[in-house]
Structure formats: structure tokens, C-alpha cells
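> Input work.pdb, format and content: PDB, C-alpha atoms, pLDDT in the B column.
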```pdb
ATOM      1  CA  ASN T  14     102.809 -12.092 -33.992  1.00 78.00           C
ATOM      2  CA  PRO T  15     100.836 -11.180 -30.860  1.00 87.00           C
ATOM      3  CA  GLU T  16      98.834 -14.418 -30.792  1.00 90.00           C
ATOM      4  CA  LEU T  17     101.992 -16.523 -30.916  1.00 87.00           C
ATOM      5  CA  LEU T  18     103.699 -14.486 -28.215  1.00 91.00           C
ATOM      6  CA  ASN T  19     100.642 -14.775 -25.974  1.00 93.00           C
ATOM      7  CA  PHE T  20     100.545 -18.538 -26.517  1.00 93.00           C
ATOM      8  CA  LEU T  21     104.238 -18.910 -25.655  1.00 93.00           C
ATOM      9  CA  THR T  22     103.783 -16.715 -22.579  1.00 94.00           C
ATOM     10  CA  ASP T  23     100.899 -18.856 -21.342  1.00 94.00           C
ATOM     11  CA  GLU T  24     102.829 -22.035 -22.108  1.00 94.00           C
ATOM     12  CA  LEU T  25     105.883 -20.812 -20.188  1.00 93.00           C
ATOM     13  CA  ILE T  26     103.712 -20.050 -17.153  1.00 94.00           C
ATOM     14  CA  ARG T  27     101.899 -23.383 -17.450  1.00 93.00           C
ATOM     15  CA  CYS T  28     105.166 -25.363 -17.430  1.00 93.00           C
ATOM     16  CA  ASN T  29     106.436 -23.510 -14.343  1.00 94.00           C
ATOM     17  CA  TYR T  30     108.848 -21.355 -16.369  1.00 94.00           C
ATOM     18  CA  SER T  31     110.765 -24.292 -17.776  1.00 93.00           C
ATOM     19  CA  VAL T  32     112.984 -22.917 -20.553  1.00 92.00           C
ATOM     20  CA  ARG T  33     113.863 -26.467 -21.590  1.00 93.00           C
ATOM     21  CA  HIS T  34     110.196 -27.310 -22.141  1.00 94.00           C
ATOM     22  CA  LEU T  35     109.609 -24.136 -24.142  1.00 93.00           C
ATOM     23  CA  SER T  36     112.730 -24.719 -26.234  1.00 94.00           C
ATOM     24  CA  ARG T  37     111.662 -28.282 -26.999  1.00 94.00           C
ATOM     25  CA  LEU T  38     108.221 -27.050 -28.026  1.00 93.00           C
ATOM     26  CA  ILE T  39     109.679 -24.488 -30.432  1.00 91.00           C
ATOM     27  CA  LEU T  40     112.429 -26.692 -31.870  1.00 90.00           C
ATOM     28  CA  SER T  41     110.064 -29.587 -32.559  1.00 92.00           C
ATOM     29  CA  SER T  42     107.423 -27.438 -34.269  1.00 89.00           C
ATOM     30  CA  ARG T  43     106.658 -27.608 -37.978  1.00 83.00           C
ATOM     31  CA  THR T  44     107.390 -23.890 -38.264  1.00 78.00           C
ATOM     32  CA  PHE T  45     110.956 -24.280 -36.997  1.00 79.00           C
ATOM     33  CA  SER T  46     111.677 -27.261 -39.258  1.00 78.00           C
ATOM     34  CA  ARG T  47     110.583 -25.561 -42.468  1.00 74.00           C
ATOM     35  CA  ALA T  48     113.136 -25.341 -45.243  1.00 71.00           C
ATOM     36  CA  ALA T  49     115.042 -22.125 -45.809  1.00 67.00           C
ATOM     37  CA  VAL T  50     113.701 -19.647 -48.324  1.00 64.00           C
ATOM     38  CA  GLU T  51     116.050 -18.058 -50.850  1.00 58.00           C
ATOM     39  CA  ASP T  52     113.854 -15.035 -51.439  1.00 53.00           C
ATOM     40  CA  VAL T  53     112.895 -13.618 -48.061  1.00 50.00           C
ATOM     41  CA  GLN T  54     110.829 -10.944 -49.778  1.00 54.00           C
ATOM     42  CA  SER T  55     108.097 -13.096 -51.277  1.00 53.00           C
ATOM     43  CA  HIS T  56     105.012 -11.531 -52.849  1.00 55.00           C
ATOM     44  CA  GLY T  57     105.674  -8.266 -51.082  1.00 57.00           C
ATOM     45  CA  LEU T  58     105.850  -9.934 -47.658  1.00 57.00           C
ATOM     46  CA  ASP T  59     108.845 -10.575 -45.448  1.00 60.00           C
ATOM     47  CA  ALA T  60     108.933 -14.381 -45.568  1.00 56.00           C
ATOM     48  CA  ALA T  61     111.250 -14.638 -42.557  1.00 55.00           C
ATOM     49  CA  ALA T  62     109.016 -12.439 -40.417  1.00 60.00           C
ATOM     50  CA  MET T  63     105.955 -14.404 -41.535  1.00 62.00           C
ATOM     51  CA  PHE T  64     107.681 -17.686 -40.555  1.00 61.00           C
ATOM     52  CA  ALA T  65     107.672 -19.011 -44.108  1.00 63.00           C
ATOM     53  CA  GLY T  66     111.166 -20.303 -43.371  1.00 63.00           C
ATOM     54  CA  TYR T  67     114.653 -19.233 -42.444  1.00 67.00           C
ATOM     55  CA  PRO T  68     116.670 -17.140 -44.867  1.00 69.00           C
ATOM     56  CA  LEU T  69     119.555 -19.108 -46.328  1.00 73.00           C
ATOM     57  CA  ARG T  70     122.526 -19.104 -43.980  1.00 78.00           C
ATOM     58  CA  ARG T  71     125.957 -20.680 -43.923  1.00 82.00           C
ATOM     59  CA  MET T  72     127.042 -23.198 -41.327  1.00 85.00           C
ATOM     60  CA  SER T  73     129.067 -21.780 -38.461  1.00 85.00           C
ATOM     61  CA  ALA T  74     132.832 -22.342 -38.432  1.00 85.00           C
ATOM     62  CA  GLU T  75     132.834 -25.334 -36.088  1.00 87.00           C
ATOM     63  CA  VAL T  76     129.824 -27.006 -37.701  1.00 89.00           C
ATOM     64  CA  LEU T  77     131.286 -26.558 -41.185  1.00 90.00           C
ATOM     65  CA  TYR T  78     134.609 -28.061 -40.136  1.00 91.00           C
ATOM     66  CA  ASP T  79     132.884 -31.037 -38.511  1.00 92.00           C
ATOM     67  CA  ALA T  80     130.747 -31.481 -41.635  1.00 92.00           C
ATOM     68  CA  LEU T  81     133.933 -31.712 -43.712  1.00 92.00           C
ATOM     69  CA  SER T  82     135.274 -34.254 -41.230  1.00 92.00           C
ATOM     70  CA  ASP T  83     132.080 -36.311 -41.377  1.00 92.00           C
ATOM     71  CA  VAL T  84     132.001 -36.365 -45.173  1.00 93.00           C
ATOM     72  CA  THR T  85     135.658 -37.263 -45.601  1.00 92.00           C
ATOM     73  CA  GLN T  86     135.777 -39.397 -42.433  1.00 91.00           C
ATOM     74  CA  VAL T  87     138.983 -37.646 -41.391  1.00 90.00           C
ATOM     75  CA  MET T  88     138.778 -35.965 -37.999  1.00 84.00           C
ATOM     76  CA  GLY T  89     140.776 -32.864 -37.120  1.00 71.00           C
ATOM     77  CA  GLN T  90     143.706 -32.956 -34.733  1.00 62.00           C
ATOM     78  CA  ASN T  91     143.551 -31.067 -31.443  1.00 55.00           C
ATOM     79  CA  LYS T  92     146.880 -30.139 -29.834  1.00 52.00           C
ATOM     80  CA  ASP T  93     147.391 -30.979 -26.162  1.00 43.00           C
ATOM     81  CA  GLU T  94     149.192 -27.948 -24.741  1.00 43.00           C
ATOM     82  CA  THR T  95     150.497 -29.957 -21.776  1.00 41.00           C
ATOM     83  CA  SER T  96     152.427 -32.349 -24.024  1.00 42.00           C
ATOM     84  CA  ASP T  97     153.676 -32.851 -27.554  1.00 46.00           C
ATOM     85  CA  THR T  98     150.810 -35.142 -28.483  1.00 42.00           C
ATOM     86  CA  SER T  99     147.667 -34.458 -30.481  1.00 44.00           C
ATOM     87  CA  TYR T 100     144.351 -36.275 -30.550  1.00 50.00           C
ATOM     88  CA  GLU T 101     141.232 -36.392 -32.685  1.00 70.00           C
ATOM     89  CA  MET T 102     138.408 -34.125 -31.584  1.00 76.00           C
ATOM     90  CA  ARG T 103     135.337 -32.515 -33.080  1.00 83.00           C
ATOM     91  CA  ALA T 104     135.580 -28.771 -33.615  1.00 81.00           C
ATOM     92  CA  THR T 105     132.317 -28.161 -31.748  1.00 79.00           C
ATOM     93  CA  ALA T 106     133.894 -29.734 -28.641  1.00 79.00           C
ATOM     94  CA  ARG T 107     137.138 -27.745 -28.676  1.00 75.00           C
ATOM     95  CA  ALA T 108     137.475 -25.292 -25.811  1.00 70.00           C
ATOM     96  CA  LEU T 109     140.585 -23.568 -27.160  1.00 71.00           C
ATOM     97  CA  VAL T 110     140.168 -20.314 -29.048  1.00 70.00           C
ATOM     98  CA  PRO T 111     141.369 -20.240 -32.676  1.00 67.00           C
ATOM     99  CA  THR T 112     144.862 -18.948 -33.278  1.00 66.00           C
ATOM    100  CA  GLY T 113     146.433 -17.410 -36.365  1.00 66.00           C
ATOM    101  CA  SER T 114     144.567 -17.620 -39.641  1.00 70.00           C
ATOM    102  CA  GLY T 115     143.398 -21.243 -39.464  1.00 82.00           C
ATOM    103  CA  PHE T 116     140.120 -22.680 -40.695  1.00 84.00           C
ATOM    104  CA  LEU T 117     138.014 -21.804 -37.640  1.00 83.00           C
ATOM    105  CA  ALA T 118     139.340 -18.252 -37.359  1.00 81.00           C
ATOM    106  CA  THR T 119     138.831 -17.656 -41.077  1.00 82.00           C
ATOM    107  CA  PHE T 120     135.187 -18.715 -40.850  1.00 81.00           C
ATOM    108  CA  GLY T 121     134.435 -16.517 -37.866  1.00 77.00           C
ATOM    109  CA  LYS T 122     134.936 -18.505 -34.665  1.00 77.00           C
ATOM    110  CA  PRO T 123     135.359 -15.829 -31.967  1.00 74.00           C
ATOM    111  CA  ASN T 124     138.237 -15.479 -29.519  1.00 70.00           C
ATOM    112  CA  ARG T 125     135.755 -15.698 -26.637  1.00 65.00           C
ATOM    113  CA  LEU T 126     136.706 -12.319 -25.223  1.00 63.00           C
ATOM    114  CA  LEU T 127     133.033 -11.474 -24.715  1.00 64.00           C
ATOM    115  CA  ALA T 128     130.219 -13.514 -23.215  1.00 66.00           C
ATOM    116  CA  CYS T 129     128.058 -12.738 -26.216  1.00 67.00           C
ATOM    117  CA  GLU T 130     127.264 -14.499 -29.483  1.00 67.00           C
ATOM    118  CA  CYS T 131     127.601 -11.098 -31.156  1.00 67.00           C
ATOM    119  CA  GLU T 132     131.362 -11.643 -31.067  1.00 69.00           C
ATOM    120  CA  ARG T 133     131.033 -14.304 -33.760  1.00 72.00           C
ATOM    121  CA  SER T 134     131.439 -13.092 -37.331  1.00 72.00           C
ATOM    122  CA  ASP T 135     129.172 -14.390 -40.082  1.00 72.00           C
ATOM    123  CA  SER T 136     130.650 -12.254 -42.849  1.00 74.00           C
ATOM    124  CA  VAL T 137     131.691 -13.863 -46.129  1.00 77.00           C
ATOM    125  CA  SER T 138     135.212 -13.277 -47.427  1.00 80.00           C
ATOM    126  CA  LEU T 139     137.498 -14.295 -50.263  1.00 83.00           C
ATOM    127  CA  GLY T 140     139.761 -15.994 -47.734  1.00 83.00           C
ATOM    128  CA  GLN T 141     136.993 -18.439 -46.852  1.00 83.00           C
ATOM    129  CA  SER T 142     136.625 -19.452 -50.484  1.00 86.00           C
ATOM    130  CA  LEU T 143     140.369 -19.961 -50.787  1.00 88.00           C
ATOM    131  CA  VAL T 144     140.432 -22.137 -47.650  1.00 86.00           C
ATOM    132  CA  LEU T 145     137.754 -24.412 -49.102  1.00 88.00           C
ATOM    133  CA  VAL T 146     139.352 -24.446 -52.545  1.00 90.00           C
ATOM    134  CA  ASN T 147     142.942 -25.132 -51.559  1.00 88.00           C
ATOM    135  CA  GLY T 148     143.361 -24.863 -47.797  1.00 88.00           C
ATOM    136  CA  ALA T 149     145.638 -27.156 -45.810  1.00 88.00           C
ATOM    137  CA  ASP T 150     142.723 -28.787 -43.992  1.00 89.00           C
ATOM    138  CA  MET T 151     140.896 -29.495 -47.243  1.00 90.00           C
ATOM    139  CA  ARG T 152     143.992 -30.973 -48.892  1.00 91.00           C
ATOM    140  CA  GLU T 153     144.688 -33.148 -45.867  1.00 91.00           C
ATOM    141  CA  LYS T 154     141.151 -34.533 -45.698  1.00 92.00           C
ATOM    142  CA  LEU T 155     140.869 -35.197 -49.430  1.00 92.00           C
ATOM    143  CA  GLY T 156     144.324 -36.729 -49.781  1.00 91.00           C
ATOM    144  CA  SER T 157     144.259 -38.887 -46.663  1.00 90.00           C
ATOM    145  CA  SER T 158     144.789 -42.586 -47.324  1.00 89.00           C
ATOM    146  CA  HIS T 159     142.240 -43.371 -44.601  1.00 89.00           C
ATOM    147  CA  ASN T 160     139.329 -41.262 -45.830  1.00 91.00           C
ATOM    148  CA  ARG T 161     135.935 -42.154 -47.280  1.00 92.00           C
ATOM    149  CA  LEU T 162     137.291 -42.352 -50.840  1.00 92.00           C
ATOM    150  CA  THR T 163     139.717 -45.103 -49.903  1.00 91.00           C
ATOM    151  CA  THR T 164     136.887 -47.099 -48.348  1.00 89.00           C
ATOM    152  CA  LEU T 165     134.654 -46.659 -51.400  1.00 89.00           C
ATOM    153  CA  LEU T 166     137.385 -47.621 -53.859  1.00 87.00           C
ATOM    154  CA  ASN T 167     138.366 -50.684 -51.832  1.00 87.00           C
ATOM    155  CA  GLU T 168     134.876 -51.964 -51.097  1.00 83.00           C
ATOM    156  CA  SER T 169     132.920 -51.124 -54.266  1.00 72.00           C
ATOM    157  CA  HIS T 170     133.677 -51.717 -57.933  1.00 78.00           C
ATOM    158  CA  ASP T 171     130.440 -50.026 -59.012  1.00 87.00           C
ATOM    159  CA  LEU T 172     131.353 -46.461 -59.962  1.00 90.00           C
ATOM    160  CA  ARG T 173     127.769 -45.244 -60.044  1.00 92.00           C
ATOM    161  CA  ALA T 174     127.099 -46.611 -56.558  1.00 92.00           C
ATOM    162  CA  SER T 175     130.266 -44.945 -55.243  1.00 92.00           C
ATOM    163  CA  LEU T 176     129.279 -41.590 -56.723  1.00 94.00           C
ATOM    164  CA  GLU T 177     125.803 -41.892 -55.265  1.00 94.00           C
ATOM    165  CA  GLN T 178     127.346 -42.545 -51.848  1.00 93.00           C
ATOM    166  CA  LEU T 179     129.411 -39.373 -52.174  1.00 93.00           C
ATOM    167  CA  TYR T 180     126.321 -37.331 -53.030  1.00 95.00           C
ATOM    168  CA  LEU T 181     124.366 -38.789 -50.138  1.00 94.00           C
ATOM    169  CA  ALA T 182     127.199 -38.180 -47.686  1.00 93.00           C
ATOM    170  CA  THR T 183     127.833 -34.632 -48.913  1.00 93.00           C
ATOM    171  CA  LEU T 184     124.517 -33.196 -50.105  1.00 92.00           C
ATOM    172  CA  THR T 185     122.136 -35.768 -48.539  1.00 90.00           C
ATOM    173  CA  ARG T 186     120.549 -36.476 -51.907  1.00 91.00           C
ATOM    174  CA  LEU T 187     121.104 -38.627 -54.942  1.00 94.00           C
ATOM    175  CA  PRO T 188     122.701 -37.017 -58.020  1.00 94.00           C
ATOM    176  CA  GLN T 189     120.492 -35.753 -60.804  1.00 94.00           C
ATOM    177  CA  PRO T 190     120.670 -37.622 -64.153  1.00 94.00           C
ATOM    178  CA  LEU T 191     122.898 -34.966 -65.735  1.00 95.00           C
ATOM    179  CA  GLU T 192     125.162 -34.932 -62.685  1.00 95.00           C
ATOM    180  CA  ILE T 193     125.654 -38.692 -62.511  1.00 94.00           C
ATOM    181  CA  THR T 194     126.298 -38.833 -66.259  1.00 95.00           C
ATOM    182  CA  ALA T 195     128.917 -36.077 -66.135  1.00 95.00           C
ATOM    183  CA  MET T 196     130.646 -37.451 -63.045  1.00 94.00           C
ATOM    184  CA  THR T 197     130.677 -41.023 -64.328  1.00 94.00           C
ATOM    185  CA  GLU T 198     132.158 -39.924 -67.643  1.00 95.00           C
ATOM    186  CA  TYR T 199     134.794 -37.793 -65.899  1.00 94.00           C
ATOM    187  CA  VAL T 200     135.979 -40.554 -63.553  1.00 93.00           C
ATOM    188  CA  SER T 201     135.829 -43.281 -66.201  1.00 92.00           C
ATOM    189  CA  GLN T 202     138.076 -41.341 -68.576  1.00 93.00           C
ATOM    190  CA  ALA T 203     140.637 -40.435 -65.905  1.00 92.00           C
ATOM    191  CA  THR T 204     143.944 -42.287 -65.797  1.00 92.00           C
ATOM    192  CA  ASP T 205     144.020 -42.027 -62.000  1.00 92.00           C
ATOM    193  CA  LYS T 206     140.596 -42.973 -60.604  1.00 91.00           C
ATOM    194  CA  ARG T 207     141.576 -41.964 -57.087  1.00 92.00           C
ATOM    195  CA  LEU T 208     142.499 -38.404 -58.074  1.00 94.00           C
ATOM    196  CA  ALA T 209     139.349 -38.151 -60.188  1.00 94.00           C
ATOM    197  CA  MET T 210     137.196 -39.161 -57.217  1.00 94.00           C
ATOM    198  CA  GLU T 211     139.013 -36.561 -55.118  1.00 93.00           C
ATOM    199  CA  ASP T 212     138.061 -33.966 -57.753  1.00 95.00           C
ATOM    200  CA  VAL T 213     134.419 -35.008 -57.550  1.00 95.00           C
ATOM    201  CA  LEU T 214     134.363 -34.803 -53.760  1.00 94.00           C
ATOM    202  CA  TRP T 215     136.222 -31.470 -53.880  1.00 95.00           C
ATOM    203  CA  ALA T 216     133.584 -30.078 -56.233  1.00 94.00           C
ATOM    204  CA  LEU T 217     130.739 -31.229 -53.967  1.00 95.00           C
ATOM    205  CA  LEU T 218     132.357 -29.757 -50.848  1.00 94.00           C
ATOM    206  CA  ASN T 219     132.837 -26.420 -52.622  1.00 92.00           C
ATOM    207  CA  SER T 220     129.245 -26.209 -53.821  1.00 91.00           C
ATOM    208  CA  GLN T 221     126.880 -23.727 -52.200  1.00 85.00           C
ATOM    209  CA  GLU T 222     124.485 -26.576 -51.597  1.00 88.00           C
ATOM    210  CA  PHE T 223     126.930 -28.082 -49.110  1.00 90.00           C
ATOM    211  CA  ALA T 224     127.878 -24.996 -47.135  1.00 84.00           C
ATOM    212  CA  LEU T 225     124.402 -23.457 -46.843  1.00 82.00           C
ATOM    213  CA  ILE T 226     121.747 -24.591 -44.397  1.00 78.00           C
ATOM    214  CA  ARG T 227     118.520 -25.089 -46.240  1.00 73.00           C
TER     215      ARG T 227
END
```
Is it possible to express this structure as C-alpha cells?


Amino acid sequence: NPELLNFLTDELIRCNYSVRHLSRLILSSRTFSRAAVEDVQSHGLDAAAMFAGYPLRRMSAEVLYDALSDVTQVMGQNKDETSDTSYEMRATARALVPTGSGFLATFGKPNRLLACECERSDSVSLGQSLVLVNGADMREKLGSSHNRLTTLLNESHDLRASLEQLYLATLTRLPQPLEITAMTEYVSQATDKRLAMEDVLWALLNSQEFALIR
């Protein structure tokens, strides 16, 4: 887009080569904030190249882990190598490189051997699906006695309102009529309401709608 590149060039010169100013201009534009497009080849045109929107993409390893922590309200533990203690910390703030086959390594967080973002892997694998389905981190967050489900069950006796809160926290939208009907029926018929609510939250966290940036 020659016109756009010329405009950005002039703007960069005008602001005395301030990268921060140019970044703010781009990130706050309507073009940048457009929703993702599932079909990047729309009507014979490359929608991504024409700035119709981003192609669908998955959250990076650290962002996905923090999203799980935010939804469940259970933060991850970061080991202090100088002692035997651990403390809560967001994945995006961890300086340590991933070790073994943990959550962050499985989802592509690099070992920081290169000073290049190209070191990060965005490939999709079966292992990633298994981690979300039945990984140790997922089980810990869903089964914690101090997570969001415990708060909802203790503070609200309205099942529909609790389910709506889960949808808002996970997918940032209210459930559709068919969804709320199915979920309400499932939880109401369960002998253990807590486990049923864990199943609902597990299903939401494993949906493509949660993991993909739209």
C-alpha cells in the first residue's frame, strides 16, 4: 500500500522519528482493531493484505497460560531457584526459560537462545490439545478449592447467573439460548454440582473460541 507507507514515513519524520508515537498511531487505529477474518481469501482478494482483518491466530504460550489463570483465578507458581520457596507470578513476567515438556514449552515458548522472535514456535500439535484436555496445570486450576467456581457456588444460588458469569469470563460473551439451556440442564441433573460446573468450564476453556484471537 504505497499511500499508507508514504503517510507513515511522513508521520515518522514529523514526530522526530519517535517509534513510540508511530506505534501508538498504528495500534489505536480502526484498521488494527478490526476483528480477525476466518477466510483470508475473500472474493478473490487476500483479506489480510488488504487490511480487512488479521487471520485467525492462537494466543502465544504465555498469554494463553495467563488467560487460563485469569479465568480460573488460580495463578501459576514460579520457583525461586535461590531457595525452596515458590511464589505466584504471571507467565508473561517470567524471565526463566521453559524446561522439560511443561505448558509453556509445549505451546512454543522459546529457550531464548536467539535474540529473534523467529525462535518462537506457533505450530499446532496433538500434545497441545492433550495439555488443555487433561494436563496437570488444567487439572490444578479447575480442581482448586480457591478458584472462580468456588466463589460462584458460594456467592450465587442462581445457576443461570453463574453460567453467564463463566461465559463472560471465558469467552467475553453471554451464552446463546441453546447453550444456556444445555448447560443448565446438565448441571441441574448432576449429583455433584461442583464437578458439573468444572465440566462446563473445562468445555469452554477447550473451545476454539477461547484459544483463538478474533

> When you look at Ile39 in chain T with a cut-off of 12 Å (counting only C-alpha atoms), what residues show up, excluding the ones that are within fewer than 3 positions of it in the same chain? I need them as number ranges by chain.

T: 17-18, 20-21, 24-25, 32-36, 42-46

> Got time to write the residues from that selection, C-alpha atoms, as an mmCIF file, in the frame of the given file?


```
data_model
loop_
_atom_site.group_PDB
_atom_site.id
_atom_site.type_symbol
_atom_site.label_atom_id
_atom_site.label_comp_id
_atom_site.auth_asym_id
_atom_site.auth_seq_id
_atom_site.Cartn_x
_atom_site.Cartn_y
_atom_site.Cartn_z
ATOM 1 C CA LEU T 17 101.992 -16.523 -30.916
ATOM 2 C CA LEU T 18 103.699 -14.486 -28.215
ATOM 3 C CA PHE T 20 100.545 -18.538 -26.517
ATOM 4 C CA LEU T 21 104.238 -18.910 -25.655
ATOM 5 C CA GLU T 24 102.829 -22.035 -22.108
ATOM 6 C CA LEU T 25 105.883 -20.812 -20.188
ATOM 7 C CA VAL T 32 112.984 -22.917 -20.553
ATOM 8 C CA ARG T 33 113.863 -26.467 -21.590
ATOM 9 C CA HIS T 34 110.196 -27.310 -22.141
ATOM 10 C CA LEU T 35 109.609 -24.136 -24.142
ATOM 11 C CA SER T 36 112.730 -24.719 -26.234
ATOM 12 C CA SER T 42 107.423 -27.438 -34.269
ATOM 13 C CA ARG T 43 106.658 -27.608 -37.978
ATOM 14 C CA THR T 44 107.390 -23.890 -38.264
ATOM 15 C CA PHE T 45 110.956 -24.280 -36.997
ATOM 16 C CA SER T 46 111.677 -27.261 -39.258
#
```

> I need the residue nearest Met151 in chain T from this list: T:Ala195, T:Val87, T:Leu172, T:Ala182. Use all atoms listed in the file for the distance.

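Checking each of T:Ala195, T:Val87, T:Leu172, T:Ala182 against Met151 in chain T, counting all atoms listed in the file, the winner is T:Val87.
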
> Figure out the distance between CA of Thr85 in chain T and CA of Trp215 in chain T, please, to one decimal in Å.

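Computing the Euclidean distance for CA of Trp215 in chain T and CA of Thr85 in chain T yields 10.1 Å.
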
> For Met196 in chain T, list every protein, DNA or RNA residue within 10 Å, evaluated using only C-alpha atoms, and leave out those in the same chain fewer than 6 positions away; present the list as a ChimeraX atom specification.

/T:172-173,176,188,209-210,212-213

> Could those residues be written to a file, using C-alpha atoms, as a PDB file, in the coordinates of the input?


```pdb
ATOM      1  CA  LEU T 172     131.353 -46.461 -59.962  1.00 90.00           C
ATOM      2  CA  ARG T 173     127.769 -45.244 -60.044  1.00 92.00           C
ATOM      3  CA  LEU T 176     129.279 -41.590 -56.723  1.00 94.00           C
ATOM      4  CA  PRO T 188     122.701 -37.017 -58.020  1.00 94.00           C
ATOM      5  CA  ALA T 209     139.349 -38.151 -60.188  1.00 94.00           C
ATOM      6  CA  MET T 210     137.196 -39.161 -57.217  1.00 94.00           C
ATOM      7  CA  ASP T 212     138.061 -33.966 -57.753  1.00 95.00           C
ATOM      8  CA  VAL T 213     134.419 -35.008 -57.550  1.00 95.00           C
TER       9      VAL T 213
END
```

> Please determine, counting only C-alpha atoms, which residue among T:Ile226, T:Ala149, T:Ala108, T:Met102 has the shortest atom-to-atom distance to Ser82 in chain T.

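Using only C-alpha atoms, Ser82 in chain T sits closest to T:Met102.
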
> Just so the selection is clear, what residues does the PyMOL selection byres ((chain T and resi 84) around 12) cover here, as a PyMOL selection string?

chain T and resi 77-83+85-88+151+154-155+160-162+178-185+214-215+217-218+223

> Can you work out the spacing between CA of Ala74 in chain T and CA of Gly115 in chain T in Å, to one decimal?

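Interatomic distance here is 10.7 Å.
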
> CA of Asp135 in chain T and CA of Leu109 in chain T, how far apart in Å?

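Value for the CA of Leu109 in chain T-CA of Asp135 in chain T distance: 19.5 Å.
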
> Around all the atoms of range 19-35 of chain T listed in the file, draw an axis-aligned box and extend it by 3 Å on each of the six sides; I want its centre and edge lengths in Å to one decimal, as JSON.


```
{"center_x": 107.2, "center_y": -21.0, "center_z": -20.4, "size_x": 19.3, "size_y": 18.5, "size_z": 18.2}
```

> Applied to this file, what does the PyMOL selection byres ((chain T and resi 141) around 10) return in terms of residues, put as a PyMOL selection string?

chain T and resi 116-121+136-140+142-146+148

> Which residue out of T:Ala106, T:Glu211, T:Asn14, T:Ala48 has the minimum interatomic distance to Val76 in chain T when only C-alpha atoms are used?

T:Ala106

> Quick one: of T:Ala174, T:Arg186, T:Asn147, T:Ser157, who's nearest to Glu222 in chain T, counting all atoms listed in the file?

T:Arg186

> With distances taken over all atoms listed in the file, which residue among T:Arg70, T:Thr22, T:Glu16, T:Leu40 lies nearest Leu225 in chain T?

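Distance minimum relative to Leu225 in chain T lands on T:Arg70.
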
> Taking into account all atoms listed in the file, which residue in the set T:Ser31, T:Ser201, T:Ser134, T:Ser175 is nearest to Thr163 in chain T?

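Comparing T:Ser31, T:Ser201, T:Ser134, T:Ser175 against Thr163 in chain T, the winner is T:Ser175.
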
> Restricted to N, CA, C and O atoms, what does range 191-203 of chain T look like when written out as a PDB file, in the first residue's frame?


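After the write, selection-v4.pdb holds the following:
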```pdb
ATOM      1  N   LEU T 191     -29.492 -21.834  23.127  1.00  0.00           N
ATOM      2  CA  LEU T 191     -29.277 -23.277  23.139  1.00  0.00           C
ATOM      3  C   LEU T 191     -28.176 -23.668  24.116  1.00  0.00           C
ATOM      4  O   LEU T 191     -28.251 -24.720  24.776  1.00  0.00           O
ATOM      5  N   GLU T 192     -27.154 -22.839  24.217  1.00  0.00           N
ATOM      6  CA  GLU T 192     -26.043 -23.131  25.125  1.00  0.00           C
ATOM      7  C   GLU T 192     -26.489 -23.062  26.576  1.00  0.00           C
ATOM      8  O   GLU T 192     -26.198 -23.967  27.374  1.00  0.00           O
ATOM      9  N   ILE T 193     -27.194 -22.003  26.947  1.00  0.00           N
ATOM     10  CA  ILE T 193     -27.606 -21.852  28.340  1.00  0.00           C
ATOM     11  C   ILE T 193     -28.602 -22.937  28.721  1.00  0.00           C
ATOM     12  O   ILE T 193     -28.595 -23.447  29.854  1.00  0.00           O
ATOM     13  N   THR T 194     -29.449 -23.343  27.781  1.00  0.00           N
ATOM     14  CA  THR T 194     -30.404 -24.416  28.060  1.00  0.00           C
ATOM     15  C   THR T 194     -29.685 -25.736  28.310  1.00  0.00           C
ATOM     16  O   THR T 194     -29.976 -26.453  29.276  1.00  0.00           O
ATOM     17  N   ALA T 195     -28.728 -26.062  27.440  1.00  0.00           N
ATOM     18  CA  ALA T 195     -27.993 -27.319  27.570  1.00  0.00           C
ATOM     19  C   ALA T 195     -27.153 -27.343  28.843  1.00  0.00           C
ATOM     20  O   ALA T 195     -27.141 -28.352  29.573  1.00  0.00           O
ATOM     21  N   MET T 196     -26.473 -26.245  29.138  1.00  0.00           N
ATOM     22  CA  MET T 196     -25.622 -26.200  30.317  1.00  0.00           C
ATOM     23  C   MET T 196     -26.443 -26.238  31.600  1.00  0.00           C
ATOM     24  O   MET T 196     -26.075 -26.908  32.573  1.00  0.00           O
ATOM     25  N   THR T 197     -27.550 -25.520  31.617  1.00  0.00           N
ATOM     26  CA  THR T 197     -28.406 -25.512  32.804  1.00  0.00           C
ATOM     27  C   THR T 197     -28.965 -26.900  33.077  1.00  0.00           C
ATOM     28  O   THR T 197     -28.981 -27.372  34.223  1.00  0.00           O
ATOM     29  N   GLU T 198     -29.399 -27.566  32.026  1.00  0.00           N
ATOM     30  CA  GLU T 198     -29.943 -28.923  32.175  1.00  0.00           C
ATOM     31  C   GLU T 198     -28.863 -29.879  32.665  1.00  0.00           C
ATOM     32  O   GLU T 198     -29.110 -30.720  33.537  1.00  0.00           O
ATOM     33  N   TYR T 199     -27.651 -29.747  32.128  1.00  0.00           N
ATOM     34  CA  TYR T 199     -26.560 -30.646  32.511  1.00  0.00           C
ATOM     35  C   TYR T 199     -26.202 -30.488  33.988  1.00  0.00           C
ATOM     36  O   TYR T 199     -26.074 -31.479  34.718  1.00  0.00           O
ATOM     37  N   VAL T 200     -26.052 -29.246  34.443  1.00  0.00           N
ATOM     38  CA  VAL T 200     -25.663 -29.009  35.834  1.00  0.00           C
ATOM     39  C   VAL T 200     -26.799 -29.370  36.786  1.00  0.00           C
ATOM     40  O   VAL T 200     -26.570 -29.938  37.860  1.00  0.00           O
ATOM     41  N   SER T 201     -28.019 -29.058  36.406  1.00  0.00           N
ATOM     42  CA  SER T 201     -29.167 -29.325  37.279  1.00  0.00           C
ATOM     43  C   SER T 201     -29.354 -30.818  37.532  1.00  0.00           C
ATOM     44  O   SER T 201     -29.763 -31.229  38.622  1.00  0.00           O
ATOM     45  N   GLN T 202     -29.066 -31.640  36.539  1.00  0.00           N
ATOM     46  CA  GLN T 202     -29.269 -33.076  36.668  1.00  0.00           C
ATOM     47  C   GLN T 202     -28.086 -33.788  37.326  1.00  0.00           C
ATOM     48  O   GLN T 202     -28.189 -34.973  37.660  1.00  0.00           O
ATOM     49  N   ALA T 203     -26.986 -33.089  37.521  1.00  0.00           N
ATOM     50  CA  ALA T 203     -25.792 -33.713  38.089  1.00  0.00           C
ATOM     51  C   ALA T 203     -25.947 -33.903  39.598  1.00  0.00           C
ATOM     52  O   ALA T 203     -26.542 -33.072  40.292  1.00  0.00           O
TER      53      ALA T 203
END
```
